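work.cif, holding mmCIF, C-alpha atoms:
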```cif
data_final
#
loop_
_atom_site.label_atom_id
_atom_site.label_comp_id
_atom_site.auth_asym_id
_atom_site.auth_seq_id
_atom_site.Cartn_x
_atom_site.Cartn_y
_atom_site.Cartn_z
CA MET A 3 13.84 45.88 -55.83
CA THR A 4 12.35 49.31 -55.34
CA GLY A 5 13.57 52.81 -56.03
CA ARG A 6 12.88 56.07 -54.27
CA ARG A 7 12.74 59.24 -56.22
CA ARG A 8 15.29 61.96 -55.78
CA THR A 9 14.74 65.52 -54.63
CA ARG A 10 15.33 66.89 -58.10
CA SER A 11 11.70 66.14 -58.98
CA THR A 12 9.62 69.28 -59.24
CA PHE A 13 6.17 69.99 -57.90
CA LEU A 14 6.15 73.78 -58.24
CA PRO A 15 2.49 74.61 -59.03
CA THR A 16 3.17 77.74 -61.05
CA LEU A 17 0.39 79.00 -63.25
CA ASN A 18 2.44 79.16 -66.44
CA ARG A 19 2.73 75.35 -66.75
CA PRO A 20 -1.04 74.76 -67.13
CA VAL A 21 -1.14 77.61 -69.64
CA ARG A 22 1.66 76.05 -71.66
CA ALA A 23 -0.07 72.69 -71.51
CA THR A 24 -3.34 74.23 -72.66
CA VAL A 25 -1.64 76.03 -75.52
CA ARG A 26 0.09 72.83 -76.61
CA MET A 27 -3.18 70.94 -76.38
CA ALA A 28 -4.98 73.57 -78.42
CA GLY A 29 -2.29 73.37 -81.05
CA ALA A 30 -2.49 69.60 -81.07
CA LEU A 31 -6.26 69.66 -81.53
CA ALA A 32 -5.97 72.19 -84.33
CA ALA A 33 -3.43 70.00 -86.07
CA CYS A 34 -5.64 66.97 -85.58
CA ALA A 35 -8.56 68.75 -87.16
CA SER A 36 -6.57 69.18 -90.35
CA LEU A 37 -5.63 65.53 -90.60
CA ALA A 38 -7.89 63.02 -92.27
CA ALA A 39 -6.77 60.34 -89.84
CA GLY A 40 -7.98 62.31 -86.81
CA CYS A 41 -6.39 62.85 -83.43
CA GLY A 42 -4.89 59.77 -81.82
CA VAL A 43 -5.62 57.48 -84.81
CA ILE A 44 -2.39 56.51 -86.51
CA PRO A 45 -2.41 54.54 -89.77
CA GLY A 46 -1.57 50.94 -88.96
CA ALA A 47 -2.09 51.46 -85.21
CA THR A 48 -2.69 48.24 -83.32
CA GLY A 49 -5.33 49.60 -80.98
CA GLY A 50 -8.26 49.98 -83.37
CA GLY A 51 -11.01 47.52 -84.11
CA GLY A 52 -11.09 43.91 -85.22
CA ASP A 53 -8.87 41.32 -83.63
CA ASP A 54 -5.75 43.48 -83.38
CA PRO A 55 -4.22 43.65 -79.90
CA ILE A 56 -4.65 46.74 -77.76
CA THR A 57 -1.15 48.17 -77.57
CA VAL A 58 -0.03 50.29 -74.63
CA MET A 59 3.31 51.47 -73.20
CA THR A 60 4.79 51.42 -69.71
CA TRP A 61 8.11 53.11 -69.03
CA ALA A 62 10.37 53.58 -66.01
CA PRO A 63 14.08 54.02 -65.24
CA GLN A 64 16.12 50.85 -64.87
CA ASP A 65 19.79 50.05 -64.27
CA THR A 66 20.74 53.61 -63.33
CA SER A 67 22.79 54.98 -60.45
CA ALA A 68 19.77 56.94 -59.20
CA THR A 69 16.09 56.02 -58.89
CA ASN A 70 15.10 52.69 -60.44
CA LYS A 71 11.59 51.30 -60.89
CA PRO A 72 12.04 48.01 -62.81
CA GLY A 73 8.99 46.51 -61.12
CA MET A 74 6.61 48.81 -62.98
CA PRO A 75 7.25 47.61 -66.57
CA ALA A 76 7.81 44.06 -65.29
CA PHE A 77 4.42 44.06 -63.57
CA ALA A 78 2.75 45.62 -66.63
CA GLN A 79 3.91 42.69 -68.76
CA ALA A 80 2.78 40.24 -66.08
CA TYR A 81 -0.63 41.93 -66.09
CA ALA A 82 -0.86 41.50 -69.86
CA ARG A 83 -0.08 37.79 -69.57
CA TRP A 84 -2.69 37.46 -66.84
CA ILE A 85 -5.47 39.33 -68.64
CA ASN A 86 -4.72 37.55 -71.92
CA ALA A 87 -4.93 34.18 -70.19
CA LYS A 88 -8.44 35.20 -69.18
CA GLY A 89 -9.40 36.01 -72.78
CA GLY A 90 -8.13 39.58 -72.95
CA ILE A 91 -10.27 42.71 -72.59
CA ASN A 92 -13.56 42.44 -74.45
CA GLY A 93 -11.97 39.54 -76.32
CA ARG A 94 -8.97 41.64 -77.42
CA LYS A 95 -5.41 40.78 -76.45
CA LEU A 96 -3.42 43.34 -74.50
CA LYS A 97 0.09 44.07 -75.76
CA VAL A 98 2.47 45.94 -73.44
CA LEU A 99 5.55 47.69 -74.80
CA THR A 100 8.18 48.92 -72.34
CA CYS A 101 10.87 51.59 -72.40
CA ASN A 102 13.76 52.55 -70.12
CA ASP A 103 13.93 56.31 -69.61
CA HIS A 104 17.32 55.96 -67.86
CA ASN A 105 16.48 58.92 -65.57
CA ASP A 106 17.44 61.09 -68.52
CA SER A 107 15.42 63.77 -70.30
CA VAL A 108 16.67 62.76 -73.76
CA ALA A 109 15.82 59.11 -73.16
CA ALA A 110 12.40 60.08 -71.78
CA ALA A 111 11.66 62.06 -74.94
CA LYS A 112 12.76 59.09 -77.06
CA CYS A 113 10.38 56.81 -75.14
CA ALA A 114 7.57 59.19 -76.02
CA ARG A 115 8.55 59.32 -79.70
CA ASP A 116 8.75 55.52 -79.81
CA THR A 117 5.29 55.42 -78.24
CA VAL A 118 3.87 57.59 -81.02
CA LYS A 119 5.59 55.58 -83.76
CA ALA A 120 4.25 52.32 -82.37
CA GLY A 121 0.65 53.48 -82.52
CA VAL A 122 0.20 53.06 -78.80
CA VAL A 123 -3.26 54.01 -77.47
CA ALA A 124 -2.13 54.95 -73.94
CA VAL A 125 0.88 55.16 -71.66
CA VAL A 126 -0.09 53.33 -68.46
CA GLY A 127 1.41 53.05 -64.97
CA SER A 128 4.74 54.71 -65.71
CA TYR A 129 7.48 56.64 -63.89
CA SER A 130 9.60 59.47 -65.24
CA GLN A 131 10.99 62.64 -63.73
CA PHE A 132 10.89 64.44 -67.09
CA GLY A 133 7.30 65.40 -67.81
CA ASP A 134 8.33 68.38 -69.89
CA SER A 135 10.32 66.01 -72.14
CA TYR A 136 7.72 63.32 -72.83
CA LEU A 137 4.38 65.11 -72.54
CA PRO A 138 4.72 67.35 -75.64
CA ASP A 139 4.93 64.30 -77.91
CA LEU A 140 2.06 62.57 -76.16
CA GLU A 141 -0.08 65.71 -76.26
CA GLY A 142 0.70 66.25 -79.94
CA ALA A 143 -0.43 62.71 -80.77
CA GLY A 144 -3.40 62.76 -78.38
CA ILE A 145 -2.09 59.81 -76.32
CA PRO A 146 -3.37 59.72 -72.72
CA TYR A 147 -0.99 59.26 -69.79
CA ILE A 148 -2.88 57.09 -67.29
CA GLY A 149 -1.66 56.57 -63.74
CA GLY A 150 1.79 58.09 -63.77
CA TYR A 151 3.67 57.73 -60.50
CA GLY A 152 3.09 61.39 -59.65
CA VAL A 153 6.67 62.64 -59.87
CA THR A 154 6.28 66.09 -61.43
CA THR A 155 3.87 68.99 -61.66
CA ALA A 156 3.31 68.23 -65.35
CA GLU A 157 1.38 65.08 -64.41
CA PHE A 158 -1.07 67.22 -62.43
CA THR A 159 -1.55 69.90 -65.08
CA SER A 160 -1.47 68.29 -68.54
CA PRO A 161 -4.96 67.82 -70.03
CA LEU A 162 -3.88 64.36 -71.25
CA SER A 163 -2.74 63.17 -67.83
CA TYR A 164 -5.04 61.05 -65.67
CA PRO A 165 -3.23 60.65 -62.31
CA VAL A 166 -4.49 58.11 -59.77
CA ASN A 167 -2.83 59.75 -56.75
CA GLY A 168 -1.99 63.27 -55.60
CA GLY A 169 1.79 63.00 -55.58
CA GLN A 170 4.09 64.39 -52.92
CA PRO A 171 1.90 67.44 -52.09
CA THR A 172 -0.84 65.22 -50.68
CA LEU A 173 1.64 63.08 -48.74
CA LEU A 174 3.16 66.10 -47.00
CA ALA A 175 -0.18 67.78 -46.34
CA GLY A 176 -1.60 64.57 -44.91
CA LEU A 177 1.43 64.09 -42.69
CA GLY A 178 1.21 67.63 -41.37
CA LYS A 179 -2.50 67.32 -40.72
CA GLU A 180 -2.00 64.15 -38.70
CA LEU A 181 1.02 65.32 -36.70
CA ALA A 182 -0.40 68.74 -35.79
CA ALA A 183 -2.17 67.52 -32.66
CA SER A 184 0.61 65.35 -31.27
CA CYS A 185 3.86 67.15 -32.15
CA GLY A 186 5.65 70.00 -30.46
CA PRO A 187 8.10 71.81 -32.75
CA VAL A 188 8.26 70.24 -36.22
CA ALA A 189 11.41 70.36 -38.36
CA LEU A 190 11.34 69.55 -42.08
CA VAL A 191 14.77 68.50 -43.35
CA ARG A 192 14.90 68.92 -47.11
CA ALA A 193 17.32 69.61 -49.93
CA ASP A 194 18.46 73.19 -50.47
CA THR A 195 17.19 73.24 -54.05
CA ILE A 196 14.37 74.80 -56.05
CA ALA A 197 12.51 71.51 -55.79
CA GLY A 198 13.11 71.48 -52.05
CA ASP A 199 11.71 75.00 -51.78
CA GLU A 200 8.34 73.61 -52.87
CA LEU A 201 7.96 71.23 -49.93
CA PRO A 202 7.41 73.49 -46.87
CA PRO A 203 4.14 75.07 -48.12
CA MET A 204 2.56 71.63 -48.55
CA LEU A 205 3.58 70.42 -45.08
CA ASP A 206 2.61 73.76 -43.54
CA ALA A 207 -0.82 73.54 -45.17
CA GLY A 208 -1.46 70.29 -43.31
CA LEU A 209 -0.04 71.59 -40.05
CA GLY A 210 -2.13 74.74 -40.35
CA ALA A 211 -5.28 72.69 -40.92
CA GLY A 212 -4.61 71.10 -37.53
CA GLY A 213 -3.95 74.41 -35.79
CA HIS A 214 -0.16 73.97 -35.66
CA LYS A 215 2.37 76.65 -36.51
CA PRO A 216 4.57 76.19 -39.62
CA ALA A 217 7.45 73.74 -39.61
CA ILE A 218 11.03 74.81 -39.05
CA ASP A 219 12.65 74.71 -42.49
CA GLN A 220 15.99 72.90 -42.24
CA ARG A 221 17.95 72.90 -45.48
CA ALA A 222 20.70 70.47 -46.38
CA ALA A 223 23.09 70.52 -49.32
CA GLU A 224 21.78 68.32 -52.12
CA ASP A 225 25.11 66.61 -52.80
CA THR A 226 26.07 65.90 -49.20
CA THR A 227 27.15 62.38 -48.33
CA GLU A 228 26.58 62.64 -44.58
CA TYR A 229 24.10 64.52 -42.44
CA THR A 230 25.75 64.87 -39.02
CA GLN A 231 25.21 68.62 -38.84
CA PRO A 232 21.68 68.67 -40.34
CA ALA A 233 20.70 65.93 -37.88
CA ALA A 234 22.07 67.91 -34.95
CA ASP A 235 20.33 71.08 -36.18
CA ALA A 236 17.01 69.22 -36.45
CA LEU A 237 17.38 67.91 -32.90
CA ASP A 238 18.25 71.37 -31.57
CA ALA A 239 15.15 72.79 -33.26
CA THR A 240 12.71 70.17 -31.96
CA THR A 241 13.80 69.52 -28.37
CA GLY A 242 13.27 72.98 -26.93
CA ASP A 243 9.74 72.37 -25.63
CA PRO A 244 9.82 70.12 -22.53
CA THR A 245 6.02 69.78 -22.52
CA LYS A 246 5.59 68.25 -25.97
CA GLU A 247 7.70 65.86 -27.99
CA GLY A 248 9.09 67.36 -31.18
CA CYS A 249 8.92 65.76 -34.60
CA VAL A 250 11.55 65.51 -37.36
CA ILE A 251 10.47 64.89 -40.95
CA PRO A 252 13.24 64.12 -43.46
CA SER A 253 12.22 64.57 -47.10
CA LEU A 254 15.45 64.01 -48.96
CA GLY A 255 14.55 61.40 -51.55
CA ASP A 256 17.37 58.89 -51.81
CA GLY A 257 19.25 60.81 -49.09
CA THR A 258 16.61 60.09 -46.45
CA SER A 259 18.15 56.77 -45.42
CA THR A 260 21.59 58.36 -45.11
CA PHE A 261 20.12 61.16 -43.00
CA MET A 262 18.41 58.66 -40.72
CA ASP A 263 21.71 56.87 -40.11
CA SER A 264 23.25 60.16 -38.93
CA PHE A 265 20.12 61.05 -36.98
CA GLN A 266 20.13 57.73 -35.14
CA ARG A 267 23.64 58.44 -33.87
CA ALA A 268 23.02 62.11 -33.11
CA ARG A 269 19.91 61.49 -31.00
CA GLN A 270 21.77 59.39 -28.42
CA GLY A 271 21.55 61.17 -25.06
CA ARG A 272 19.09 63.76 -26.41
CA PRO A 273 15.46 64.29 -25.39
CA ALA A 274 13.06 62.02 -27.23
CA VAL A 275 11.76 63.11 -30.62
CA ARG A 276 9.46 61.40 -33.08
CA THR A 277 10.21 60.84 -36.74
CA ALA A 278 7.86 60.81 -39.71
CA ALA A 279 8.20 60.58 -43.46
CA THR A 280 6.37 60.12 -46.74
CA LEU A 281 6.24 56.92 -48.73
CA ASP A 282 8.06 58.47 -51.69
CA SER A 283 11.16 58.73 -49.46
CA VAL A 284 10.69 55.71 -47.18
CA ASP A 285 9.13 52.41 -48.22
CA GLN A 286 9.24 48.89 -46.83
CA THR A 287 12.47 48.18 -48.68
CA ALA A 288 14.19 51.16 -47.04
CA ILE A 289 12.90 50.05 -43.65
CA ASN A 290 14.23 46.52 -44.19
CA GLU A 291 17.61 47.77 -45.38
CA SER A 292 18.01 50.03 -42.34
CA GLY A 293 17.53 47.23 -39.82
CA ALA A 294 13.75 46.80 -39.77
CA GLN A 295 12.56 46.62 -36.15
CA ARG A 296 16.01 47.60 -34.87
CA GLY A 297 16.36 50.47 -37.32
CA PRO A 298 15.69 54.20 -37.05
CA TYR A 299 12.18 54.05 -38.51
CA GLU A 300 10.59 51.94 -35.79
CA GLY A 301 7.59 53.89 -34.52
CA ALA A 302 7.72 56.45 -37.34
CA TYR A 303 4.54 57.71 -38.98
CA ILE A 304 4.55 57.54 -42.78
CA THR A 305 1.93 58.76 -45.22
CA GLY A 306 1.19 56.79 -48.38
CA TRP A 307 -1.25 57.01 -51.25
CA TYR A 308 -2.73 53.57 -50.76
CA PRO A 309 -3.45 51.02 -48.01
CA PRO A 310 -0.47 49.06 -46.59
CA ALA A 311 0.74 46.11 -48.65
CA GLY A 312 -0.75 43.64 -46.18
CA ASP A 313 -4.28 44.93 -46.72
CA PRO A 314 -6.58 42.34 -48.36
CA ARG A 315 -7.56 44.91 -50.98
CA TRP A 316 -4.25 44.09 -52.68
CA ASP A 317 -5.13 40.41 -53.06
CA GLY A 318 -6.09 40.86 -56.72
CA MET A 319 -2.68 42.32 -57.55
CA LYS A 320 -0.92 39.59 -55.59
CA LYS A 321 -2.80 36.92 -57.52
CA VAL A 322 -1.48 38.40 -60.77
CA ILE A 323 2.06 38.35 -59.37
CA SER A 324 1.67 34.79 -58.14
CA ALA A 325 0.19 33.55 -61.42
CA GLN A 326 2.42 35.37 -63.88
CA ALA A 327 5.50 36.74 -62.12
CA PHE A 328 6.27 34.39 -59.25
CA GLY A 329 10.00 34.54 -58.53
CA ASP A 330 10.56 37.78 -60.49
CA ASN A 331 12.45 39.78 -57.87
CA ARG A 332 11.92 42.99 -59.80
CA ILE A 333 8.29 42.98 -58.69
CA ASP A 334 7.63 43.84 -55.05
CA ALA A 335 3.99 43.98 -53.95
CA ALA A 336 4.98 46.57 -51.31
CA ASP A 337 6.48 48.95 -53.89
CA ALA A 338 4.30 52.01 -54.50
CA GLY A 339 5.37 51.92 -58.17
CA VAL A 340 4.04 48.40 -58.67
CA GLN A 341 0.89 49.34 -56.77
CA THR A 342 0.38 52.41 -58.95
CA THR A 343 0.83 50.28 -62.07
CA TRP A 344 -1.84 47.84 -60.86
CA ILE A 345 -4.29 50.70 -60.29
CA ALA A 346 -3.44 52.28 -63.65
CA TYR A 347 -4.11 49.01 -65.52
CA THR A 348 -7.33 48.61 -63.55
CA VAL A 349 -8.37 51.98 -64.95
CA LEU A 350 -7.34 51.03 -68.50
CA THR A 351 -9.22 47.73 -68.35
CA LYS A 352 -12.42 49.37 -67.14
CA VAL A 353 -12.19 52.10 -69.76
CA VAL A 354 -11.78 49.56 -72.56
CA GLN A 355 -14.64 47.49 -71.16
CA SER A 356 -16.82 50.59 -71.22
CA LEU A 357 -16.23 50.90 -74.97
CA GLY A 358 -17.94 47.56 -75.62
CA GLY A 359 -17.27 46.42 -79.15
CA GLY A 360 -16.17 49.86 -80.37
CA ASP A 361 -12.74 50.76 -81.63
CA VAL A 362 -10.09 51.13 -78.94
CA THR A 363 -8.10 54.22 -79.88
CA SER A 364 -6.36 56.91 -77.90
CA ASP A 365 -9.18 59.26 -78.85
CA ALA A 366 -11.86 56.83 -77.64
CA ILE A 367 -10.04 56.28 -74.33
CA ARG A 368 -9.71 60.02 -73.77
CA ARG A 369 -13.35 60.66 -74.56
CA ALA A 370 -14.47 57.99 -72.10
CA LEU A 371 -12.33 59.46 -69.34
CA ASP A 372 -13.18 63.08 -70.11
CA ASP A 373 -16.90 62.30 -70.28
CA GLY A 374 -16.84 61.39 -66.59
CA LEU A 375 -16.46 57.61 -66.54
CA LYS A 376 -16.35 56.49 -62.90
CA VAL A 377 -13.66 53.93 -62.11
CA SER A 378 -13.72 51.88 -58.92
CA THR A 379 -10.38 50.46 -57.76
CA GLY A 380 -11.74 48.10 -55.14
CA GLY A 381 -11.18 50.54 -52.30
CA LEU A 382 -7.50 51.16 -53.02
CA THR A 383 -8.43 54.74 -53.91
CA PRO A 384 -11.70 56.65 -53.87
CA THR A 385 -13.75 56.23 -57.04
CA LEU A 386 -11.76 57.99 -59.76
CA ARG A 387 -13.43 60.41 -62.13
CA TRP A 388 -11.65 63.00 -64.23
CA GLY A 389 -13.19 66.19 -65.50
CA ALA A 390 -12.08 69.52 -66.89
CA GLN A 391 -10.82 70.72 -63.50
CA GLY A 392 -10.08 68.99 -60.24
CA PRO A 393 -10.64 70.45 -56.76
CA LEU A 394 -7.01 71.64 -56.51
CA ALA A 395 -7.03 73.72 -59.70
CA SER A 396 -6.77 76.88 -57.57
CA ILE A 397 -3.18 75.99 -56.60
CA GLY A 398 -2.22 74.75 -60.05
CA PHE A 399 -3.02 71.02 -59.77
CA SER A 400 -5.98 70.92 -62.14
CA ARG A 401 -5.77 67.17 -62.87
CA VAL A 402 -5.70 65.88 -59.28
CA VAL A 403 -8.91 63.96 -58.56
CA ASN A 404 -7.60 61.90 -55.63
CA ALA A 405 -6.19 63.90 -52.72
CA ASP A 406 -6.60 61.07 -50.21
CA VAL A 407 -3.67 59.57 -48.32
CA THR A 408 -3.29 56.83 -45.73
CA LEU A 409 -1.49 57.09 -42.41
CA GLN A 410 0.85 54.22 -41.68
CA VAL A 411 3.27 53.45 -38.86
CA VAL A 412 6.31 51.19 -38.59
CA ARG A 413 5.61 48.51 -36.00
CA GLN A 414 7.99 45.61 -35.48
CA GLY A 415 9.72 46.63 -38.68
CA GLN A 416 6.58 46.51 -40.82
CA LEU A 417 4.46 49.27 -42.32
CA VAL A 418 0.93 48.84 -40.98
CA ALA A 419 -2.14 51.06 -40.90
CA ALA A 420 -2.06 53.64 -38.11
CA ARG A 421 -5.74 54.41 -38.61
CA ASN A 422 -8.54 53.05 -40.73
CA GLY A 423 -9.54 54.75 -43.94
CA PHE A 424 -8.12 57.71 -45.82
CA VAL A 425 -7.21 61.27 -44.90
CA ASP A 426 -8.57 63.80 -47.41
CA THR A 427 -6.03 66.61 -47.93
CA THR A 428 -8.11 68.65 -50.38
CA ARG A 429 -9.15 71.46 -48.04
CA ALA A 430 -5.72 71.72 -46.46
CA LEU A 431 -4.02 72.02 -49.86
CA GLN A 432 -6.54 74.56 -51.10
CA ASP A 433 -5.19 76.87 -48.42
CA ALA A 434 -1.53 76.20 -49.26
CA ARG A 435 0.57 79.31 -49.84
CA VAL A 436 2.22 78.31 -53.11
CA ASP A 437 3.25 81.77 -54.27
#
```
File written out as structure tokens:
Amino acid sequence: MTGRRRTRSTFLPTLNRPVRATVRMAGALAACASLAAGCGVIPGATGGGGDDPITVMTWAPQDTSATNKPGMPAFAQAYARWINAKGGINGRKLKVLTCNDHNDSVAAAKCARDTVKAGVVAVVGSYSQFGDSYLPDLEGAGIPYIGGYGVTTAEFTSPLSYPVNGGQPTLLAGLGKELAASCGPVALVRADTIAGDELPPMLDAGLGAGGHKPAIDQRAAEDTTEYTQPAADALDATTGDPTKEGCVIPSLGDGTSTFMDSFQRARQGRPAVRTAATLDSVDQTAINESGAQRGPYEGAYITGWYPPAGDPRWDGMKKVISAQAFGDNRIDAADAGVQTTWIAYTVLTKVVQSLGGGDVTSDAIRRALDDGLKVSTGGLTPTLRWGAQGPLASIGFSRVVNADVTLQVVRQGQLVAARNGFVDTTRALQDARVD
């Protein structure tokens, strides 16, 4: 089972969020200086030295009426069983705690408080739409947030966040960059919300990098249950140029599948248009549920953060699933959440290995990452290395160190690579008009 995040997620790269994060961090460090225990070292914590297990947390929403990502905590526990069967990390057992944030800000804050109370050394491979609810507690306790799904701006600005992908901004910029040469008029169909207002500049940055004019901004009511009129409007906007096929890009979170149903009906008898999307709105599960090869996504271009699920670079993750979670239908190897969790735990394992026989504390993990430790993910991402500022700090995303995306296409109902390698969106996003 996979979930797709809703359009309420925010990526607005305003400058006040990094300032707030920096102020909170400064306060946290000042408080730590006055404590004998030191930042990130909690009396009785299970992540220190000796034979105690290394305790981490993975959280995600489960059993809600909105986005659900049960595969992330389920895979995290499978990873712990797998690594422990191999002798642990540097001879230390890995203990994974999990929490359900229920897609609720209060529950997300409680997950963070429980994390601090448990003496957890890191939050790894998690999903939550409420960065402003959980990050203050993590920042106050000095607990790093490694490999979040990339749902909110907070993950790309907090000094304690170590993201492994570039979130929705990179997906849209990469899609625009790729479609610029082959598309006539481009229409972006998105929710008429503050969060939706943040999407056009990212797509337009990619289109502009390819010499294409900005997309036509088509807004749709967030709470609509059918998209007959938005689909017709998108077709009207993209079929006016007889010399070049237009492109329609729905970015409606959970509403994307509903839009595509309406769009499939509305396009009958109309000039041909192409469709495209981003993996946060359309994944293999959505493609299967919509009819696979006979569905509306056949032939659509889709940008993702990582290689397609059939790529052999995922074999290591699939071996973990086969060995420790075979038959667990919560875990789907094609789910970007599960994939992100695998990469996040790869980072954690390599960080702990780099500490040798030293104590494994939140402070030690942060120091290793902040001191420029290079982490290879077997080609699933570029080599990851965090520093004080990433290349997208100028537009507010100071923690982004991976702005690469992959271009995929739906062929015979399956997401496959449309081109080899990654598309780097850094330069396109640096020119994004985010004000």
Given the choices A:Leu173, A:Val108, A:Ala124, A:Leu350, which gets closest to Asn404 of chain A if the distance is worked out from only C-alpha atoms?
A:Leu173
For a cut-off of 10 Å around (10.9, 63.0, -67.6), file coordinates, pick out all residues using all atoms listed in the file and list them as an NGL selection string.
:A and (11 or 62-63 or 103-111 or 113-114 or 129-137 or 153-154 or 156)
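Residue nearest Ala197 of chain A, chosen from A:Gln170, A:Gln286, A:Gln326, A:Ser184 and counting only C-alpha atoms: A:Gln170.
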Tell me which of A:Ala182, A:Ala336, A:Ala175, A:Met262 sits closest to Pro202 of chain A, counting only C-alpha atoms.
A:Ala175
List, as JSON, numbers by chain, every residue that the PyMOL selection byres ((chain A and resi 320) around 12) selects in the file provided.
{"A": [77, 80, 81, 84, 311, 312, 313, 314, 315, 316, 317, 318, 319, 321, 322, 323, 324, 325, 326, 327, 328, 333, 334, 335, 336, 340, 341, 344]}
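The two atoms in question, atom CA of Leu209 of chain A and atom CA of Ala294 of chain A, are spaced 28.4 Å apart.
If only C-alpha atoms are the atoms counted, then among A:Ala233, A:Ala76, A:Ala395, A:Leu254 the closest residue to Asp330 of chain A is A:Ala76.
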One-decimal distance in Å that lies between atom CA of Val354 of chain A and atom CA of Glu141 of chain A:
20.3 Å
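For the atom pair formed by atom CA of Gly358 of chain A and atom CA of Ser128 of chain A, the distance is 25.8 Å, given to one decimal.
Selecting by distance to (-1.8, 57.2, -45.2) with a limit of 6 Å and using only C-alpha atoms, one obtains Thr305, Gly306, Val407, Thr408, Leu409 and Gln410 of chain A.
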Assuming the chain letters and numbering stay as they are in my file, what does the PyMOL selection byres ((chain A and resi 208) around 12) actually select? List them as a ChimeraX atom specification.
/A:171-183,201-207,209-217,425-435
Exactly which residues make up the result of the PyMOL selection byres ((chain A and resi 298) around 7) on this file, given as a VMD selection string?
chain A and resid 262 266 296 to 297 299 to 300
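For the residues A:Ser283, A:Ala405, A:Pro55, A:Asn92, ranking by smallest atom-to-atom distance to Gly360 of chain A using all atoms listed in the file places A:Asn92 first.
Contact shell of Val58 of chain A at 8 Å (all atoms listed in the file; same-chain neighbours under 3 positions omitted): A:Leu96, A:Lys97, A:Val98, A:Leu99, A:Val122, A:Val123, A:Ala124, A:Val125, A:Val126.
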Neighbour list for segment 278-282 of chain A as number ranges by chain, cut-off 8 Å, all atoms listed in the file, skip fewer than 3 positions in-chain
A: 6-7, 170, 173-174, 177, 249-253, 255, 285, 302-307, 338
Within 12 Å of Leu375 of chain A using all atoms listed in the file, minus same-chain residues under 3 positions, as a PyMOL selection string
chain A and resi 164+349-350+352-357+367-372+378+385-389
Between A:Lys112, A:Lys71, A:Arg401, A:Arg276, single out the one closest to Pro161 of chain A, counting only C-alpha atoms.
A:Arg401
Exercise: Ala274 of chain A partners within 8 Å, only C-alpha atoms, chain neighbours under 5 positions left out, as a list in words
Thr241, Glu247, Gly248 and Arg269 of chain A
